[in-house]
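Coordinates as given in coords.cif (mmCIF, C-alpha atoms):
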```cif
data_query
loop_
_atom_site.label_atom_id
_atom_site.label_comp_id
_atom_site.auth_asym_id
_atom_site.auth_seq_id
_atom_site.Cartn_x
_atom_site.Cartn_y
_atom_site.Cartn_z
CA MET A 248 -6.96 -11.99 37.34
CA ARG A 249 -9.02 -13.93 34.81
CA SER A 250 -9.73 -10.88 32.67
CA VAL A 251 -6.05 -9.92 32.59
CA GLY A 252 -5.13 -13.46 31.55
CA LEU A 253 -7.62 -13.31 28.65
CA LYS A 254 -6.56 -9.92 27.36
CA ARG A 255 -2.82 -10.46 27.23
CA PRO A 256 -2.86 -13.45 24.82
CA ALA A 257 -5.34 -11.59 22.65
CA SER A 258 -3.09 -8.53 22.53
CA LEU A 259 -0.02 -10.68 21.90
CA GLY A 260 -1.82 -12.53 19.13
CA ALA A 261 -2.91 -9.28 17.51
CA PHE A 262 0.64 -7.95 17.71
CA LEU A 263 2.07 -11.09 16.12
CA LEU A 264 -0.48 -11.03 13.31
CA LEU A 265 0.29 -7.36 12.67
CA ALA A 266 4.03 -8.04 12.69
CA VAL A 267 3.65 -10.92 10.23
CA ALA A 268 1.46 -8.80 7.94
CA VAL A 269 3.89 -5.86 7.99
CA ALA A 270 6.89 -8.13 7.41
CA TRP A 271 5.16 -9.85 4.50
CA LEU A 272 4.19 -6.55 2.89
CA ALA A 273 7.74 -5.29 3.32
CA VAL A 274 9.12 -8.35 1.55
CA VAL A 275 6.68 -8.53 -1.37
CA ILE A 276 5.90 -4.83 -1.91
CA VAL A 277 8.19 -2.34 -0.17
CA LEU A 278 11.54 -3.98 -0.91
CA PRO A 279 10.82 -4.56 -4.62
CA LEU A 280 9.58 -0.99 -4.92
CA ILE A 281 12.72 0.39 -3.27
CA SER A 282 14.90 -1.79 -5.48
CA VAL A 283 13.24 -0.41 -8.63
CA PHE A 284 14.10 3.18 -7.73
CA ALA A 285 17.55 2.23 -6.40
CA GLU A 286 18.46 0.43 -9.61
CA ALA A 287 17.06 3.25 -11.76
CA LEU A 288 19.27 5.78 -9.94
CA ARG A 289 22.29 3.48 -9.62
CA LYS A 290 24.36 5.48 -12.15
CA GLY A 291 23.10 8.87 -11.06
CA VAL A 292 20.32 11.26 -11.89
CA GLY A 293 21.88 12.16 -15.24
CA GLU A 294 21.70 8.59 -16.55
CA TYR A 295 18.21 8.27 -15.10
CA LEU A 296 16.94 11.30 -16.99
CA GLU A 297 18.79 10.24 -20.12
CA ALA A 298 16.62 7.12 -20.27
CA PHE A 299 13.59 9.32 -20.85
CA ARG A 300 15.26 11.19 -23.71
CA ASP A 301 15.25 8.01 -25.77
CA PRO A 302 12.69 8.45 -28.60
CA ASP A 303 11.44 4.88 -28.07
CA ALA A 304 10.85 5.54 -24.37
CA GLN A 305 8.97 8.74 -25.17
CA ALA A 306 6.89 6.90 -27.77
CA ALA A 307 6.09 4.18 -25.20
CA ILE A 308 5.00 6.78 -22.65
CA ARG A 309 2.77 8.56 -25.18
CA LEU A 310 1.27 5.28 -26.35
CA THR A 311 0.54 4.15 -22.80
CA LEU A 312 -1.24 7.41 -22.03
CA LEU A 313 -3.11 7.25 -25.35
CA VAL A 314 -4.37 3.72 -24.78
CA ALA A 315 -5.41 4.54 -21.22
CA GLY A 316 -7.01 7.79 -22.40
CA ILE A 317 -9.17 5.84 -24.85
CA CYS A 318 -10.01 2.80 -22.75
CA VAL A 319 -10.81 4.45 -19.42
CA PRO A 320 -13.57 6.80 -20.71
CA LEU A 321 -15.10 4.00 -22.78
CA ASN A 322 -15.18 1.63 -19.82
CA ALA A 323 -16.53 4.42 -17.61
CA VAL A 324 -19.45 4.89 -20.00
CA PHE A 325 -19.96 1.14 -20.24
CA GLY A 326 -19.76 0.74 -16.47
CA LEU A 327 -22.38 3.43 -15.92
CA ALA A 328 -24.71 1.94 -18.52
CA ALA A 329 -24.28 -1.63 -17.26
CA ALA A 330 -24.72 -0.62 -13.62
CA TRP A 331 -27.84 1.40 -14.49
CA ALA A 332 -29.35 -1.55 -16.36
CA VAL A 333 -28.48 -4.20 -13.79
CA ALA A 334 -29.30 -2.23 -10.65
CA LYS A 335 -32.39 -0.34 -11.76
CA PHE A 336 -34.22 -2.82 -14.00
CA ASP A 337 -35.26 -6.45 -14.03
CA PHE A 338 -34.85 -8.25 -17.33
CA ARG A 339 -34.19 -11.71 -18.67
CA GLY A 340 -30.48 -12.46 -18.93
CA LYS A 341 -29.34 -10.21 -16.08
CA GLY A 342 -27.32 -13.01 -14.51
CA PHE A 343 -25.67 -13.77 -17.84
CA LEU A 344 -24.73 -10.10 -18.24
CA LEU A 345 -23.14 -10.07 -14.78
CA THR A 346 -21.19 -13.21 -15.69
CA LEU A 347 -19.88 -11.56 -18.85
CA ILE A 348 -18.84 -8.47 -16.91
CA ASP A 349 -16.89 -10.61 -14.43
CA LEU A 350 -15.33 -12.83 -17.11
CA PRO A 351 -12.13 -10.76 -17.58
CA PHE A 352 -11.40 -11.23 -13.87
CA SER A 353 -11.33 -15.01 -14.28
CA ILE A 354 -9.31 -15.46 -17.47
CA SER A 355 -5.61 -14.90 -18.04
CA PRO A 356 -4.67 -11.59 -19.71
CA VAL A 357 -2.73 -13.64 -22.26
CA ILE A 358 -5.98 -15.36 -23.25
CA SER A 359 -7.60 -11.93 -23.52
CA GLY A 360 -4.97 -11.04 -26.11
CA LEU A 361 -5.24 -14.34 -27.95
CA VAL A 362 -8.98 -13.79 -28.37
CA TRP A 363 -8.29 -10.76 -30.58
CA VAL A 364 -5.65 -12.66 -32.54
CA LEU A 365 -8.20 -15.41 -33.16
CA LEU A 366 -10.70 -12.84 -34.39
CA PHE A 367 -8.54 -10.38 -36.32
CA GLY A 368 -5.23 -12.13 -36.95
CA ALA A 369 -4.00 -13.04 -40.42
CA ASN A 370 -5.55 -16.51 -40.05
CA GLY A 371 -8.39 -15.40 -37.79
CA TRP A 372 -12.11 -15.36 -38.39
CA PHE A 373 -12.27 -11.84 -39.79
CA GLY A 374 -8.59 -11.13 -40.45
CA PRO A 375 -8.42 -12.15 -44.13
CA ALA A 376 -11.52 -10.12 -45.04
CA LEU A 377 -10.17 -7.08 -43.21
CA GLU A 378 -6.76 -7.47 -44.86
CA ALA A 379 -8.44 -7.59 -48.25
CA ALA A 380 -10.19 -4.32 -47.39
CA GLY A 381 -6.89 -2.75 -46.37
CA ILE A 382 -7.70 -2.80 -42.66
CA ARG A 383 -5.18 -4.19 -40.18
CA ILE A 384 -5.86 -4.52 -36.49
CA ILE A 385 -3.36 -6.94 -34.97
CA PHE A 386 0.08 -5.38 -34.34
CA THR A 387 -1.41 -1.88 -34.38
CA VAL A 388 -2.58 0.60 -31.77
CA SER A 389 -6.15 -0.59 -32.38
CA ALA A 390 -5.21 -4.04 -31.10
CA LEU A 391 -3.65 -2.52 -27.97
CA VAL A 392 -6.86 -0.60 -27.31
CA LEU A 393 -9.04 -3.69 -27.81
CA ALA A 394 -6.87 -5.85 -25.55
CA THR A 395 -6.78 -3.20 -22.82
CA LEU A 396 -10.51 -2.60 -23.09
CA LEU A 397 -11.20 -6.26 -22.41
CA VAL A 398 -8.97 -6.64 -19.35
CA THR A 399 -10.16 -3.37 -17.78
CA LEU A 400 -13.86 -3.77 -18.61
CA PRO A 401 -15.16 -4.86 -15.15
CA PHE A 402 -13.53 -2.26 -12.90
CA VAL A 403 -15.98 0.64 -13.18
CA ALA A 404 -19.07 -1.55 -13.52
CA ARG A 405 -18.17 -3.64 -10.48
CA GLU A 406 -17.77 -0.55 -8.30
CA LEU A 407 -21.11 0.92 -9.38
CA ILE A 408 -23.44 -2.10 -9.53
CA PRO A 409 -23.51 -2.89 -5.77
CA LEU A 410 -23.87 0.78 -4.84
CA MET A 411 -26.70 1.43 -7.30
CA ALA A 412 -28.46 -1.75 -6.14
CA GLU A 413 -28.13 -0.56 -2.53
CA GLN A 414 -29.61 2.82 -3.39
CA GLY A 415 -32.55 1.37 -5.30
CA ALA A 416 -34.69 3.26 -7.79
CA ASP A 417 -36.92 5.28 -5.43
CA GLU A 418 -35.24 8.62 -6.10
CA GLU A 419 -35.30 8.12 -9.86
CA THR A 420 -38.96 7.12 -9.71
CA ALA A 421 -39.77 10.23 -7.71
CA ALA A 422 -37.91 12.43 -10.20
CA VAL A 423 -39.79 10.92 -13.15
CA THR A 424 -43.08 11.33 -11.29
CA LEU A 425 -42.30 15.03 -10.86
CA GLY A 426 -41.80 15.37 -14.61
CA ALA A 427 -38.03 14.96 -15.03
CA GLY A 428 -36.82 13.37 -18.24
CA GLY A 429 -34.42 10.47 -18.48
CA TRP A 430 -31.29 12.59 -19.01
CA THR A 431 -32.24 15.03 -16.26
CA THR A 432 -32.91 12.16 -13.87
CA PHE A 433 -29.55 10.63 -14.67
CA THR A 434 -27.49 13.82 -14.36
CA ARG A 435 -29.34 15.34 -11.38
CA VAL A 436 -30.18 12.23 -9.33
CA THR A 437 -28.27 9.09 -10.30
CA LEU A 438 -24.85 10.48 -11.18
CA PRO A 439 -24.39 12.65 -8.04
CA ASN A 440 -25.21 9.62 -5.89
CA VAL A 441 -22.46 7.50 -7.44
CA LYS A 442 -19.84 10.06 -8.43
CA TRP A 443 -17.21 9.01 -5.88
CA ALA A 444 -17.65 5.31 -6.58
CA LEU A 445 -17.37 6.16 -10.29
CA LEU A 446 -14.12 8.03 -9.69
CA TYR A 447 -12.84 5.13 -7.59
CA GLY A 448 -13.57 2.69 -10.41
CA VAL A 449 -11.94 5.03 -12.94
CA LEU A 450 -8.76 5.13 -10.84
CA LEU A 451 -8.60 1.34 -10.67
CA CYS A 452 -9.27 1.10 -14.40
CA THR A 453 -6.56 3.66 -15.16
CA ALA A 454 -3.96 1.86 -13.07
CA ARG A 455 -4.69 -1.45 -14.78
CA ALA A 456 -4.73 0.11 -18.25
CA MET A 457 -1.31 1.70 -17.82
CA GLY A 458 0.27 -1.37 -16.26
CA GLU A 459 -1.20 -4.09 -18.47
CA PHE A 460 1.40 -6.42 -19.96
CA GLY A 461 0.06 -9.86 -20.87
CA ALA A 462 -2.80 -8.96 -23.20
CA VAL A 463 -1.00 -6.15 -25.04
CA SER A 464 2.15 -8.28 -25.38
CA VAL A 465 0.24 -10.82 -27.45
CA VAL A 466 -1.26 -8.31 -29.91
CA SER A 467 1.45 -5.63 -30.10
CA GLY A 468 4.11 -7.29 -32.22
CA HIS A 469 6.71 -5.49 -30.05
CA ILE A 470 7.41 -2.83 -32.66
CA ARG A 471 9.72 -0.35 -30.97
CA GLY A 472 8.49 3.20 -31.11
CA LYS A 473 5.10 2.16 -32.48
CA THR A 474 3.31 -0.57 -30.50
CA ASN A 475 5.40 -0.89 -27.34
CA THR A 476 3.71 0.49 -24.24
CA MET A 477 5.75 1.24 -21.13
CA PRO A 478 5.55 -2.31 -19.67
CA LEU A 479 6.61 -3.77 -23.02
CA HIS A 480 9.41 -1.24 -23.37
CA VAL A 481 10.69 -2.22 -19.92
CA GLU A 482 10.89 -5.84 -21.06
CA VAL A 483 12.77 -4.89 -24.24
CA LEU A 484 15.32 -2.79 -22.36
CA TYR A 485 15.82 -5.46 -19.71
CA ASN A 486 16.38 -8.15 -22.34
CA GLU A 487 18.99 -5.86 -23.93
CA TYR A 488 20.76 -5.53 -20.54
CA ASP A 489 19.95 -1.82 -20.35
CA PHE A 490 19.08 -2.12 -16.70
CA VAL A 491 19.17 1.59 -15.90
CA GLY A 492 16.81 2.37 -18.77
CA ALA A 493 14.50 -0.52 -17.90
CA PHE A 494 14.26 0.41 -14.24
CA ALA A 495 13.92 4.11 -15.06
CA VAL A 496 10.80 3.46 -17.13
CA ALA A 497 9.63 0.97 -14.49
CA SER A 498 10.06 3.66 -11.84
CA LEU A 499 7.77 5.94 -13.84
CA LEU A 500 5.15 3.20 -13.90
CA ALA A 501 5.65 2.67 -10.17
CA GLY A 502 5.30 6.41 -9.57
CA LEU A 503 2.04 6.51 -11.50
CA ALA A 504 0.84 3.53 -9.48
CA LEU A 505 1.74 5.29 -6.23
CA VAL A 506 -0.17 8.41 -7.30
CA THR A 507 -3.18 6.24 -8.13
CA LEU A 508 -2.86 4.49 -4.77
CA ALA A 509 -2.71 7.82 -2.94
CA LEU A 510 -5.85 9.07 -4.71
CA LYS A 511 -7.58 5.74 -4.07
CA THR A 512 -6.67 5.84 -0.38
CA GLY A 513 -7.88 9.43 -0.13
CA LEU A 514 -11.22 8.48 -1.61
CA GLU A 515 -11.55 5.48 0.71
CA TRP A 516 -10.78 7.66 3.74
CA ARG A 517 -13.01 10.57 2.74
CA TYR A 518 -15.97 8.64 1.34
CA ALA A 519 -15.63 5.28 3.07
CA GLY A 520 -19.34 5.00 3.86
CA GLU A 521 -20.49 5.59 0.31
CA LEU A 522 -17.85 3.37 -1.26
CA SER A 523 -18.50 0.46 1.09
CA ALA A 524 -22.29 0.68 1.21
CA GLY A 525 -22.90 -1.55 -1.75
CA ARG A 526 -20.06 -3.96 -1.00
CA ARG A 527 -21.85 -5.37 2.00
CA HIS A 528 -24.07 -7.33 -0.36
#
```
Can you dump the structure from the file as structure tokens?
Amino acid sequence: MRSVGLKRPASLGAFLLLAVAVAWLAVVIVLPLISVFAEALRKGVGEYLEAFRDPDAQAAIRLTLLVAGICVPLNAVFGLAAAWAVAKFDFRGKGFLLTLIDLPFSISPVISGLVWVLLFGANGWFGPALEAAGIRIIFTVSALVLATLLVTLPFVARELIPLMAEQGADEETAAVTLGAGGWTTFTRVTLPNVKWALLYGVLLCTARAMGEFGAVSVVSGHIRGKTNTMPLHVEVLYNEYDFVGAFAVASLLAGLALVTLALKTGLEWRYAGELSAGRRH
């Protein structure tokens, strides 16, 4: 009798917690997501597809993919290099390097954009000299890339550092002892051991790069067809009361996010042990 009395409240409590969690997720995630697609298709599929025939929308899509295509590989290379240095070597300033890597997580994306305006704006530290040399960064694609690079910088590194620290340097040391060079050791030993964590970090970085709004809004200048990414183009269309167009582009962003989520979930399910090994520390 006592054991039954103990189990039933526990089961009831678990059920209530699950119900609250599901209800909360439905309110803050599922319903907004459904509303985006419902509003995008409110006037029919023809109007929905017409939104993507707009030259400005096409330019925003291309620019978003271009910025992500530049930033994600660069941050993947940086993440690998930073993780290799932090996890495999001891050096003075390691803690400071880790702090710098985590800094974009703790500051507002708007501040991340303002940093580049302070540096390269017309009244910034280097802006006048660059303008005199005929080089303009703010309100160009270069500024979008710089802003996106900063806000997405930690994602790959933070997935790899704990895992590489967990694995240690024994295998690399053994490879070097057997005569392998640095590049061979990296490509044959280190990289295969972290490939799925690397891909996981790349997916997170890609999702953030495509969906970034705050930082790129500050440095873009909102030039339609030239410096407006998809999130910025959604804002422009919404402010112009083109709700179908705004939600159509938003639905594309949501679709890309869902694809990223599906790939991320697949990786977590298939390689859960490897991905979570380093996170225990």
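Using only C-alpha atoms, the shortest contact distance between Thr399 (chain A) and any of A:Leu345, A:Ala369, A:Ala315, A:Ala379 is found at A:Ala315.
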For Ala422 (chain A), work out the shell of residues within 12 Å, counting all atoms listed in the file and skipping chain neighbours fewer than 3 positions away, then give it as a list in words. Ala416, Asp417, Glu418, Glu419, Leu425, Gly426, Ala427, Gly428, Gly429, Trp430, Thr431, Thr432, Phe433, Thr434, Arg435, Val436 and Thr437 of chain A
For those residues, write C-alpha atoms to a file as a PDB file, in the frame of the given file.
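Generated file (selection_27.pdb):
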```
ATOM      1  CA  ALA A 416     -34.690   3.260  -7.790  1.00  0.00           C
ATOM      2  CA  ASP A 417     -36.920   5.280  -5.430  1.00  0.00           C
ATOM      3  CA  GLU A 418     -35.240   8.620  -6.100  1.00  0.00           C
ATOM      4  CA  GLU A 419     -35.300   8.120  -9.860  1.00  0.00           C
ATOM      5  CA  LEU A 425     -42.300  15.030 -10.860  1.00  0.00           C
ATOM      6  CA  GLY A 426     -41.800  15.370 -14.610  1.00  0.00           C
ATOM      7  CA  ALA A 427     -38.030  14.960 -15.030  1.00  0.00           C
ATOM      8  CA  GLY A 428     -36.820  13.370 -18.240  1.00  0.00           C
ATOM      9  CA  GLY A 429     -34.420  10.470 -18.480  1.00  0.00           C
ATOM     10  CA  TRP A 430     -31.290  12.590 -19.010  1.00  0.00           C
ATOM     11  CA  THR A 431     -32.240  15.030 -16.260  1.00  0.00           C
ATOM     12  CA  THR A 432     -32.910  12.160 -13.870  1.00  0.00           C
ATOM     13  CA  PHE A 433     -29.550  10.630 -14.670  1.00  0.00           C
ATOM     14  CA  THR A 434     -27.490  13.820 -14.360  1.00  0.00           C
ATOM     15  CA  ARG A 435     -29.340  15.340 -11.380  1.00  0.00           C
ATOM     16  CA  VAL A 436     -30.180  12.230  -9.330  1.00  0.00           C
ATOM     17  CA  THR A 437     -28.270   9.090 -10.300  1.00  0.00           C
TER      18      THR A 437
END
```
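Running the PyMOL selection byres ((chain A and resi 283) around 8) on this file leaves Pro279, Leu280, Ile281, Ser282, Phe284, Ala285, Glu286, Ala287, Phe494, Ala495, Ala497 and Ser498 of chain A selected.
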Export C-alpha atoms of the chosen residues as a short mmCIF file (atom, residue, chain, number, x, y, z; two decimals), keeping the file's coordinate frame?
```
data_model
loop_
_atom_site.label_atom_id
_atom_site.label_comp_id
_atom_site.auth_asym_id
_atom_site.auth_seq_id
_atom_site.Cartn_x
_atom_site.Cartn_y
_atom_site.Cartn_z
CA PRO A 279 10.82 -4.56 -4.62
CA LEU A 280 9.58 -0.99 -4.92
CA ILE A 281 12.72 0.39 -3.27
CA SER A 282 14.90 -1.79 -5.48
CA PHE A 284 14.10 3.18 -7.73
CA ALA A 285 17.55 2.23 -6.40
CA GLU A 286 18.46 0.43 -9.61
CA ALA A 287 17.06 3.25 -11.76
CA PHE A 494 14.26 0.41 -14.24
CA ALA A 495 13.92 4.11 -15.06
CA ALA A 497 9.63 0.97 -14.49
CA SER A 498 10.06 3.66 -11.84
#
```
Looking at all atoms listed in the file, which of A:Leu484, A:Val319, A:Ala266, A:Ile276 is the one that sits closest to Leu451 (chain A)?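 Between A:Leu484, A:Val319, A:Ala266, A:Ile276, the residue approaching Leu451 (chain A) most closely is A:Val319.
If you count only C-alpha atoms and ignore residues fewer than 2 places along the chain from region 347-355 of chain A, what sits within 8 Å of it is Phe343, Leu344, Leu345, Val357, Ile358, Ser359, Leu397, Val398, Thr399, Leu400, Pro401 and Ala404 of chain A.
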Non-local contacts of Pro478 (chain A) (10 Å; only C-alpha atoms; under 3 positions in same chain excluded) as number ranges by chain: A: 307-308, 311, 457-461, 463-464, 475, 481-483, 493, 496-497, 500
Cys318 (chain A) surroundings by only C-alpha atoms, 12 Å radius, close-in-sequence under 5 positions cut, as an MDAnalysis selection string: chainID A and resid 311:313 323:326 388:403 449 452:457 459
